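What follows is the content of coords-v6.cif (mmCIF, C-alpha atoms and all ligand atoms).
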data_coords
#
loop_
_atom_site.group_PDB
_atom_site.id
_atom_site.type_symbol
_atom_site.label_atom_id
_atom_site.label_comp_id
_atom_site.auth_asym_id
_atom_site.auth_seq_id
_atom_site.Cartn_x
_atom_site.Cartn_y
_atom_site.Cartn_z
ATOM 1 C CA ARG A 511 0.000 0.000 0.000
ATOM 2 C CA PRO A 512 1.204 3.535 -0.745
ATOM 3 C CA VAL A 513 2.718 5.646 2.021
ATOM 4 C CA VAL A 514 0.712 8.585 0.760
ATOM 5 C CA SER A 515 -1.822 8.895 -1.992
ATOM 6 C CA MET A 516 -2.763 12.212 -3.654
ATOM 7 C CA ARG A 517 -5.978 12.122 -5.654
ATOM 8 C CA ASP A 518 -6.966 14.837 -8.081
ATOM 9 C CA VAL A 519 -5.480 17.608 -5.965
ATOM 10 C CA THR A 520 -6.169 21.167 -7.054
ATOM 11 C CA LYS A 521 -4.838 24.293 -5.357
ATOM 12 C CA LEU A 522 -6.315 27.664 -6.128
ATOM 13 C CA PHE A 523 -4.732 30.422 -4.041
ATOM 14 C CA SER A 524 -6.870 33.320 -2.850
ATOM 15 C CA ASN A 525 -5.151 35.660 -5.322
ATOM 16 C CA GLY A 526 -6.505 33.560 -8.206
ATOM 17 C CA THR A 527 -3.335 31.557 -8.982
ATOM 18 C CA LEU A 528 -4.159 27.985 -9.970
ATOM 19 C CA ALA A 529 -0.986 26.328 -8.684
ATOM 20 C CA LEU A 530 -2.079 22.692 -9.072
ATOM 21 C CA LYS A 531 -4.712 21.148 -11.263
ATOM 22 C CA GLY A 532 -5.764 17.536 -10.821
ATOM 23 C CA MET A 533 -2.501 16.183 -9.444
ATOM 24 C CA SER A 534 -2.510 12.481 -8.504
ATOM 25 C CA LEU A 535 0.437 10.592 -7.085
ATOM 26 C CA ASP A 536 0.885 7.328 -5.183
ATOM 27 C CA VAL A 537 4.129 7.237 -3.214
ATOM 28 C CA ARG A 538 5.232 3.674 -2.583
ATOM 29 C CA PRO A 539 7.244 2.606 0.475
ATOM 30 C CA GLY A 540 10.992 3.029 0.064
ATOM 31 C CA GLU A 541 10.845 5.086 -3.112
ATOM 32 C CA PHE A 542 13.148 8.042 -3.692
ATOM 33 C CA ILE A 543 11.012 10.318 -5.820
ATOM 34 C CA SER A 544 12.333 13.461 -7.438
ATOM 35 C CA LEU A 545 9.610 15.976 -8.115
ATOM 36 C CA LEU A 546 11.091 17.774 -11.089
ATOM 37 C CA GLY A 547 9.883 20.767 -13.036
ATOM 38 C CA PRO A 548 10.446 24.427 -13.867
ATOM 39 C CA SER A 549 10.132 27.159 -11.278
ATOM 40 C CA GLY A 550 6.511 27.918 -10.487
ATOM 41 C CA CYS A 551 5.021 24.595 -11.632
ATOM 42 C CA GLY A 552 3.664 23.818 -8.166
ATOM 43 C CA LYS A 553 6.333 21.528 -6.687
ATOM 44 C CA SER A 554 6.526 23.329 -3.327
ATOM 45 C CA THR A 555 2.780 23.679 -3.193
ATOM 46 C CA ALA A 556 2.387 19.913 -3.692
ATOM 47 C CA LEU A 557 4.986 19.145 -1.023
ATOM 48 C CA ARG A 558 3.449 21.561 1.481
ATOM 49 C CA ILE A 559 0.016 20.027 0.932
ATOM 50 C CA ILE A 560 1.412 16.530 1.545
ATOM 51 C CA ALA A 561 3.035 17.836 4.747
ATOM 52 C CA GLY A 562 -0.223 19.410 5.919
ATOM 53 C CA LEU A 563 1.282 22.924 5.648
ATOM 54 C CA GLY A 564 -1.448 23.913 3.213
ATOM 55 C CA SER A 565 -4.774 22.417 2.315
ATOM 56 C CA PRO A 566 -5.939 21.401 -1.152
ATOM 57 C CA SER A 567 -8.807 23.376 -2.684
ATOM 58 C CA SER A 568 -10.187 20.053 -3.883
ATOM 59 C CA GLY A 569 -9.006 16.470 -3.994
ATOM 60 C CA THR A 570 -7.680 14.262 -1.210
ATOM 61 C CA ILE A 571 -4.484 13.205 0.568
ATOM 62 C CA ASP A 572 -4.629 9.744 2.144
ATOM 63 C CA TRP A 573 -2.168 7.814 4.284
ATOM 64 C CA PRO A 574 -3.248 4.244 3.571
ATOM 65 C CA SER A 575 -0.574 2.588 5.686
ATOM 66 C CA SER A 576 -0.427 4.780 8.827
ATOM 67 C CA PRO A 577 -2.860 5.831 11.542
ATOM 68 C CA VAL A 578 -3.662 9.540 11.219
ATOM 69 C CA ASN A 579 -4.317 12.231 13.815
ATOM 70 C CA ALA A 580 -7.197 14.702 14.000
ATOM 71 C CA LYS A 581 -5.587 16.862 11.295
ATOM 72 C CA GLY A 582 -5.439 13.901 8.917
ATOM 73 C CA LEU A 583 -1.652 13.667 9.227
ATOM 74 C CA PRO A 584 0.246 10.517 10.133
ATOM 75 C CA GLU A 585 1.432 10.710 13.749
ATOM 76 C CA GLY A 586 5.087 11.764 13.799
ATOM 77 C CA ASP A 587 5.619 10.333 10.391
ATOM 78 C CA ILE A 588 6.859 13.224 8.256
ATOM 79 C CA GLY A 589 10.270 14.870 8.188
ATOM 80 C CA PHE A 590 10.558 18.161 6.280
ATOM 81 C CA VAL A 591 13.751 19.844 5.083
ATOM 82 C CA PHE A 592 13.208 23.349 3.733
ATOM 83 C CA GLN A 593 15.302 25.387 1.309
ATOM 84 C CA GLU A 594 16.616 27.390 4.242
ATOM 85 C CA PRO A 595 17.908 25.394 7.212
ATOM 86 C CA THR A 596 15.563 27.351 9.590
ATOM 87 C CA LEU A 597 17.606 26.611 12.721
ATOM 88 C CA MET A 598 16.976 28.362 16.028
ATOM 89 C CA PRO A 599 19.986 30.706 16.397
ATOM 90 C CA TRP A 600 19.799 30.794 20.197
ATOM 91 C CA ALA A 601 19.998 27.008 20.574
ATOM 92 C CA THR A 602 23.019 24.766 20.122
ATOM 93 C CA VAL A 603 23.234 22.150 17.387
ATOM 94 C CA PHE A 604 22.163 19.595 20.000
ATOM 95 C CA GLY A 605 19.220 21.772 21.021
ATOM 96 C CA ASN A 606 18.087 22.194 17.425
ATOM 97 C CA VAL A 607 18.087 18.468 16.697
ATOM 98 C CA HIS A 608 16.479 17.775 20.083
ATOM 99 C CA LEU A 609 13.511 20.054 19.328
ATOM 100 C CA PRO A 610 11.189 17.537 17.599
ATOM 101 C CA LEU A 611 11.733 15.059 20.455
ATOM 102 C CA LYS A 612 11.237 17.807 23.041
ATOM 103 C CA LEU A 613 7.893 18.595 21.408
ATOM 104 C CA ARG A 614 7.047 14.940 21.938
ATOM 105 C CA GLY A 615 7.858 15.253 25.623
ATOM 106 C CA GLN A 616 11.380 13.823 25.680
ATOM 107 C CA GLY A 617 13.845 15.636 27.900
ATOM 108 C CA LYS A 618 17.506 16.212 27.018
ATOM 109 C CA ARG A 619 18.759 13.199 28.920
ATOM 110 C CA GLU A 620 16.167 10.834 27.491
ATOM 111 C CA ALA A 621 16.721 12.079 23.927
ATOM 112 C CA ARG A 622 20.504 12.219 24.131
ATOM 113 C CA ASP A 623 21.272 8.943 22.354
ATOM 114 C CA ALA A 624 18.847 9.619 19.506
ATOM 115 C CA VAL A 625 20.142 13.177 19.009
ATOM 116 C CA MET A 626 23.787 12.123 19.059
ATOM 117 C CA ALA A 627 23.117 9.229 16.661
ATOM 118 C CA GLY A 628 21.389 11.685 14.335
ATOM 119 C CA LEU A 629 24.327 14.077 14.463
ATOM 120 C CA ALA A 630 26.779 11.221 13.879
ATOM 121 C CA SER A 631 24.811 10.091 10.821
ATOM 122 C CA VAL A 632 25.488 13.468 9.179
ATOM 123 C CA GLY A 633 29.078 13.701 10.443
ATOM 124 C CA LEU A 634 28.454 16.391 13.066
ATOM 125 C CA ALA A 635 28.895 14.519 16.350
ATOM 126 C CA ASP A 636 31.747 16.872 17.299
ATOM 127 C CA PHE A 637 29.594 19.972 16.838
ATOM 128 C CA ALA A 638 26.790 19.228 19.313
ATOM 129 C CA ASP A 639 27.731 22.230 21.478
ATOM 130 C CA SER A 640 28.272 24.674 18.617
ATOM 131 C CA TYR A 641 25.792 27.357 17.637
ATOM 132 C CA PRO A 642 24.332 27.650 14.116
ATOM 133 C CA ARG A 643 26.262 30.904 13.452
ATOM 134 C CA GLU A 644 29.532 28.988 13.869
ATOM 135 C CA LEU A 645 28.649 26.556 11.068
ATOM 136 C CA SER A 646 28.987 26.720 7.275
ATOM 137 C CA GLY A 647 25.892 26.601 5.058
ATOM 138 C CA GLY A 648 26.428 22.917 4.307
ATOM 139 C CA MET A 649 26.806 22.082 7.990
ATOM 140 C CA LYS A 650 23.615 23.957 8.866
ATOM 141 C CA MET A 651 21.827 21.920 6.216
ATOM 142 C CA ARG A 652 23.193 18.716 7.780
ATOM 143 C CA VAL A 653 21.777 19.804 11.143
ATOM 144 C CA SER A 654 18.459 20.403 9.456
ATOM 145 C CA ILE A 655 18.544 16.878 7.963
ATOM 146 C CA ALA A 656 19.419 15.344 11.347
ATOM 147 C CA ARG A 657 16.513 17.260 12.903
ATOM 148 C CA ALA A 658 14.108 15.977 10.236
ATOM 149 C CA LEU A 659 15.209 12.373 10.793
ATOM 150 C CA VAL A 660 15.495 12.311 14.592
ATOM 151 C CA THR A 661 11.898 11.131 15.051
ATOM 152 C CA ARG A 662 12.509 8.308 12.545
ATOM 153 C CA PRO A 663 9.779 9.362 10.109
ATOM 154 C CA ARG A 664 8.752 7.007 7.322
ATOM 155 C CA LEU A 665 8.555 9.881 4.869
ATOM 156 C CA LEU A 666 11.116 12.628 4.288
ATOM 157 C CA LEU A 667 10.106 15.674 2.252
ATOM 158 C CA MET A 668 12.878 17.905 0.913
ATOM 159 C CA ASP A 669 12.125 21.170 -0.879
ATOM 160 C CA GLU A 670 15.124 22.145 -3.056
ATOM 161 C CA PRO A 671 17.228 21.737 0.059
ATOM 162 C CA PHE A 672 20.647 22.461 -1.413
ATOM 163 C CA ALA A 673 19.778 25.140 -3.971
ATOM 164 C CA ALA A 674 21.659 27.875 -2.096
ATOM 165 C CA LEU A 675 24.873 25.874 -1.664
ATOM 166 C CA ASP A 676 27.932 25.693 -3.891
ATOM 167 C CA GLU A 677 28.258 22.782 -6.301
ATOM 168 C CA ILE A 678 30.790 20.752 -4.295
ATOM 169 C CA THR A 679 28.911 21.051 -1.002
ATOM 170 C CA ARG A 680 25.727 20.183 -2.824
ATOM 171 C CA GLN A 681 27.233 17.030 -4.302
ATOM 172 C CA LYS A 682 28.498 15.949 -0.871
ATOM 173 C CA LEU A 683 25.072 16.460 0.648
ATOM 174 C CA ASN A 684 23.455 14.552 -2.212
ATOM 175 C CA ASP A 685 25.814 11.644 -1.453
ATOM 176 C CA ASP A 686 24.806 11.838 2.228
ATOM 177 C CA VAL A 687 21.108 11.853 1.465
ATOM 178 C CA LEU A 688 21.525 8.833 -0.788
ATOM 179 C CA ARG A 689 23.481 6.996 1.892
ATOM 180 C CA LEU A 690 20.879 7.796 4.572
ATOM 181 C CA TRP A 691 18.124 6.618 2.231
ATOM 182 C CA ARG A 692 19.903 3.302 1.638
ATOM 183 C CA GLU A 693 20.697 2.831 5.341
ATOM 184 C CA THR A 694 17.254 3.661 6.692
ATOM 185 C CA GLY A 695 14.861 2.475 3.974
ATOM 186 C CA ILE A 696 12.994 5.776 4.357
ATOM 187 C CA THR A 697 10.685 7.061 1.609
ATOM 188 C CA VAL A 698 11.824 10.381 0.127
ATOM 189 C CA ILE A 699 10.215 13.055 -2.011
ATOM 190 C CA PHE A 700 12.886 15.480 -3.187
ATOM 191 C CA VAL A 701 11.863 18.657 -4.998
ATOM 192 C CA THR A 702 14.347 19.945 -7.536
ATOM 193 C CA HIS A 703 14.502 21.776 -10.836
ATOM 194 C CA SER A 704 17.789 20.064 -11.698
ATOM 195 C CA VAL A 705 17.558 17.163 -14.144
ATOM 196 C CA PHE A 706 21.067 16.155 -13.105
ATOM 197 C CA GLU A 707 20.134 15.998 -9.427
ATOM 198 C CA SER A 708 16.965 14.012 -10.093
ATOM 199 C CA ALA A 709 18.795 11.453 -12.246
ATOM 200 C CA PHE A 710 21.618 11.108 -9.737
ATOM 201 C CA LEU A 711 19.397 10.680 -6.696
ATOM 202 C CA SER A 712 16.127 9.049 -7.401
ATOM 203 C CA ASN A 713 14.581 5.796 -8.541
ATOM 204 C CA ARG A 714 11.473 7.568 -9.747
ATOM 205 C CA ILE A 715 11.167 10.952 -11.401
ATOM 206 C CA VAL A 716 7.836 12.723 -11.477
ATOM 207 C CA VAL A 717 8.026 15.555 -13.996
ATOM 208 C CA MET A 718 5.645 18.458 -13.561
ATOM 209 C CA ARG A 719 4.730 21.277 -15.860
ATOM 210 C CA ALA A 720 3.313 24.697 -15.188
ATOM 211 C CA ARG A 721 0.163 26.675 -15.830
ATOM 212 C CA PRO A 722 -1.633 24.874 -14.413
ATOM 213 C CA GLY A 723 0.708 22.665 -12.383
ATOM 214 C CA GLN A 724 0.202 18.996 -13.171
ATOM 215 C CA VAL A 725 2.092 15.744 -13.606
ATOM 216 C CA HIS A 726 3.537 15.485 -17.084
ATOM 217 C CA ALA A 727 5.505 12.239 -16.890
ATOM 218 C CA ASP A 728 6.208 9.580 -14.298
ATOM 219 C CA LEU A 729 9.466 7.707 -14.893
ATOM 220 C CA SER A 730 10.890 4.764 -12.971
ATOM 221 C CA ILE A 731 14.627 4.308 -13.034
ATOM 222 C CA ASP A 732 15.688 0.711 -12.932
ATOM 223 C CA ASN A 733 19.420 0.024 -12.789
ATOM 224 C CA GLY A 734 20.133 3.174 -14.714
ATOM 225 C CA SER A 735 17.574 2.656 -17.468
ATOM 226 C CA VAL A 736 14.264 4.463 -17.609
ATOM 227 C CA ARG A 737 10.912 2.730 -17.621
ATOM 228 C CA ASP A 738 8.274 5.157 -18.731
ATOM 229 C CA GLU A 739 5.275 4.149 -16.636
ATOM 230 C CA ASN A 740 2.784 6.775 -17.307
ATOM 231 C CA TYR A 741 3.740 9.256 -19.951
ATOM 232 C CA ARG A 742 1.066 11.841 -20.525
ATOM 233 C CA THR A 743 0.868 13.939 -23.612
ATOM 234 C CA SER A 744 -1.967 16.276 -24.317
ATOM 235 C CA GLU A 745 -3.059 17.600 -27.693
ATOM 236 C CA GLU A 746 -1.830 21.080 -26.772
ATOM 237 C CA TYR A 747 1.621 19.738 -25.986
ATOM 238 C CA ARG A 748 2.353 17.973 -29.306
HETATM 239 P P1 LIG B 1 -4.332 30.810 0.713
HETATM 240 O O1 LIG B 1 -4.996 31.101 -0.583
HETATM 241 O O2 LIG B 1 -3.959 29.344 0.843
HETATM 242 O O3 LIG B 1 -5.081 31.323 1.908
HETATM 243 P P2 LIG B 1 -2.728 33.185 0.781
HETATM 244 O O4 LIG B 1 -3.064 33.815 -0.526
HETATM 245 O O5 LIG B 1 -3.411 33.694 2.013
HETATM 246 O O6 LIG B 1 -2.933 31.591 0.685
HETATM 247 O O7 LIG B 1 -1.138 33.293 0.979
HETATM 248 C C1 LIG B 1 -0.489 32.611 2.014
HETATM 249 C C2 LIG B 1 0.882 33.240 2.219
HETATM 250 O O8 LIG B 1 1.697 33.072 1.036
HETATM 251 C C3 LIG B 1 0.809 34.716 2.474
HETATM 252 O O9 LIG B 1 1.714 35.022 3.514
HETATM 253 C C4 LIG B 1 1.252 35.352 1.168
HETATM 254 O O10 LIG B 1 1.921 36.573 1.402
HETATM 255 C C5 LIG B 1 2.221 34.335 0.622
HETATM 256 N N1 LIG B 1 2.272 34.412 -0.869
HETATM 257 C C6 LIG B 1 1.437 35.125 -1.642
HETATM 258 N N2 LIG B 1 1.758 34.994 -2.952
HETATM 259 C C7 LIG B 1 2.829 34.177 -2.987
HETATM 260 C C8 LIG B 1 3.632 33.658 -4.060
HETATM 261 N N3 LIG B 1 3.401 33.959 -5.342
HETATM 262 N N4 LIG B 1 4.631 32.829 -3.756
HETATM 263 C C9 LIG B 1 4.883 32.506 -2.481
HETATM 264 N N5 LIG B 1 4.175 32.974 -1.423
HETATM 265 C C10 LIG B 1 3.153 33.812 -1.669
HETATM 266 P P1 LIG B 2 7.603 25.642 -7.541
HETATM 267 O O1 LIG B 2 7.877 25.068 -6.203
HETATM 268 O O2 LIG B 2 7.455 24.592 -8.606
HETATM 269 O O3 LIG B 2 8.563 26.708 -7.959
HETATM 270 P P2 LIG B 2 5.295 26.809 -6.243
HETATM 271 O O4 LIG B 2 4.526 25.657 -5.727
HETATM 272 O O5 LIG B 2 6.141 27.582 -5.295
HETATM 273 O O6 LIG B 2 6.149 26.345 -7.505
HETATM 274 O O7 LIG B 2 4.298 27.842 -6.908
HETATM 275 C C1 LIG B 2 3.321 27.461 -7.882
HETATM 276 C C2 LIG B 2 2.543 28.702 -8.300
HETATM 277 O O8 LIG B 2 1.738 29.146 -7.213
HETATM 278 C C3 LIG B 2 3.423 29.886 -8.664
HETATM 279 O O9 LIG B 2 2.750 30.605 -9.686
HETATM 280 C C4 LIG B 2 3.489 30.691 -7.372
HETATM 281 O O10 LIG B 2 3.722 32.051 -7.626
HETATM 282 C C5 LIG B 2 2.099 30.467 -6.819
HETATM 283 N N1 LIG B 2 2.036 30.517 -5.349
HETATM 284 C C6 LIG B 2 2.760 29.769 -4.488
HETATM 285 N N2 LIG B 2 2.402 30.041 -3.216
HETATM 286 C C7 LIG B 2 1.417 30.954 -3.292
HETATM 287 C C8 LIG B 2 0.601 31.632 -2.339
HETATM 288 N N3 LIG B 2 0.740 31.397 -1.029
HETATM 289 N N4 LIG B 2 -0.291 32.514 -2.773
HETATM 290 C C9 LIG B 2 -0.443 32.746 -4.086
HETATM 291 N N5 LIG B 2 0.263 32.146 -5.060
HETATM 292 C C10 LIG B 2 1.182 31.265 -4.663
#

Translate the structure of the given file into structure tokens.
Ligand code: ADP
Ligand code: ADP
Amino acid sequence: RPVVSMRDVTKLFSNGTLALKGMSLDVRPGEFISLLGPSGCGKSTALRIIAGLGSPSSGTIDWPSSPVNAKGLPEGDIGFVFQEPTLMPWATVFGNVHLPLKLRGQGKREARDAVMAGLASVGLADFADSYPRELSGGMKMRVSIARALVTRPRLLLMDEPFAALDEITRQKLNDDVLRLWRETGITVIFVTHSVFESAFLSNRIVVMRARPGQVHADLSIDNGSVRDENYRTSEEYR
């Protein structure tokens, strides 16, 4: 059963922008999906709706394989990494990664092992007592990844996470994300407008197009070769 299932999702913002029109997507357990498409095609909007950070104007989001809370979201099951690392400047690296566990009622002592394991998994065990301002952009992003994973979510959503970083740092972080995906078996949806990044990272590429935002092609990558599962062409596109 899918981890999450989007059915015919439309998003019309109050200013009249139709950001998504009839988007459907089944995310299967363990997939690494790249959501690929030009700027403005609705990738972030789709991700935010999946995360419960925005509601669809019509259509449904279902979590067929997890119990959901009153808001319709799976309990503790989603990690989100934003474009900006959004760390709390007044808290240490430890404190930032601890936050999601603290919100679940775990004190520092109780959460210590989980937080330190998270920091070790992104190579930052030695920086637990540092403050965000002392870290490079790539390191801040690693903290943000550790924070997203510390609750062991089944689904990790990443919204163009490395767009602001230089090419070498970006490649290193891509390697890390791939390693974490292989080690944990987590399901990932990774938003990008880079064809290179999507081909390097994912085993499924969902290509979107703009005005209105919708799925244009859905490609599975199998040992380096592409299986075109569900290619959609419309009359207007030929
Ligand atoms: P909704 O239609 O879901 O209520 P709003 O129109 O109220 O959404 O906008 C929500 C937030 O997004 C507001 O803070 C608004 O300033 C911001 N926003 C408006 N237009 C854009 C845009 N084109 N891109 C990103 N954010 C925007
Ligand atoms: P992408 O992530 O693919 O660049 P977005 O999902 O951010 O695209 O935006 C899709 C469309 O919706 C764009 O035209 C954008 O300007 C518009 N948009 C995004 N957020 C809002 C908002 N809160 N209010 C109004 N329009 C928005």

Give the padded box for ligand LIG 1 (chain B) as lines of an AutoDock Vina configuration file: axis-aligned, covering all atoms listed in the file, 4 Å on each side, centre and edge lengths in Å to one decimal.
center_x = -0.1
center_y = 33.0
center_z = -0.9
size_x = 18.0
size_y = 15.2
size_z = 16.9

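Of note, atom P1 of ligand LIG 1 (chain B) and CA of His726 in chain A are spaced 24.8 Å apart.
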
Nearby residues, ligand LIG 1 (chain B), 7 Å, all atoms listed in the file, as a list in words |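 Checking all atoms listed in the file against ligand LIG 1 (chain B) at 7 Å gives Leu522, Phe523, Ser524, Asn525 and Gly564 of chain A.
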
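Shortest separation to Asp572 in chain A among A:Pro722, A:Gly617, A:Pro671, A:Pro512 occurs at residue A:Pro512, atoms counted being only C-alpha atoms.
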
Arg517 in chain A environment, 7 Å, all atoms listed in the file, sequence neighbours closer than 5 positions dropped, as a PyMOL selection string = chain A and resi 533-535+569-571

Determine, counting all atoms listed in the file, which protein, DNA and RNA residues have an atom within 9 Å of an atom of Ser575 in chain A; residues of the same chain fewer than 4 positions away are not included. Present the result as a list in words.
->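 Final neighbour list, sorted by chain and number: Arg511, Pro512, Val513 and Val514 of chain A.
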
Taking all atoms listed in the file into account, which residues have an atom no farther than 9 Å from ligand LIG 2 (chain B)? I'd like them as a tab-separated table (two decimals) with C-alpha atoms, in the coordinates of the input.
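Here's the written file part-v6.tsv:
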chain	number	residue	atom	x	y	z
A	521	LYS	CA	-4.84	24.29	-5.36
A	522	LEU	CA	-6.32	27.66	-6.13
A	523	PHE	CA	-4.73	30.42	-4.04
A	524	SER	CA	-6.87	33.32	-2.85
A	525	ASN	CA	-5.15	35.66	-5.32
A	526	GLY	CA	-6.50	33.56	-8.21
A	527	THR	CA	-3.34	31.56	-8.98
A	528	LEU	CA	-4.16	27.98	-9.97
A	529	ALA	CA	-0.99	26.33	-8.68
A	530	LEU	CA	-2.08	22.69	-9.07
A	545	LEU	CA	9.61	15.98	-8.12
A	546	LEU	CA	11.09	17.77	-11.09
A	547	GLY	CA	9.88	20.77	-13.04
A	548	PRO	CA	10.45	24.43	-13.87
A	549	SER	CA	10.13	27.16	-11.28
A	550	GLY	CA	6.51	27.92	-10.49
A	551	CYS	CA	5.02	24.60	-11.63
A	552	GLY	CA	3.66	23.82	-8.17
A	553	LYS	CA	6.33	21.53	-6.69
A	554	SER	CA	6.53	23.33	-3.33
A	555	THR	CA	2.78	23.68	-3.19
A	556	ALA	CA	2.39	19.91	-3.69
A	557	LEU	CA	4.99	19.14	-1.02
A	558	ARG	CA	3.45	21.56	1.48
A	564	GLY	CA	-1.45	23.91	3.21
A	669	ASP	CA	12.12	21.17	-0.88
A	670	GLU	CA	15.12	22.14	-3.06
A	701	VAL	CA	11.86	18.66	-5.00
A	702	THR	CA	14.35	19.94	-7.54
A	703	HIS	CA	14.50	21.78	-10.84
A	718	MET	CA	5.64	18.46	-13.56
A	719	ARG	CA	4.73	21.28	-15.86
A	720	ALA	CA	3.31	24.70	-15.19
A	721	ARG	CA	0.16	26.68	-15.83
A	722	PRO	CA	-1.63	24.87	-14.41
A	723	GLY	CA	0.71	22.66	-12.38
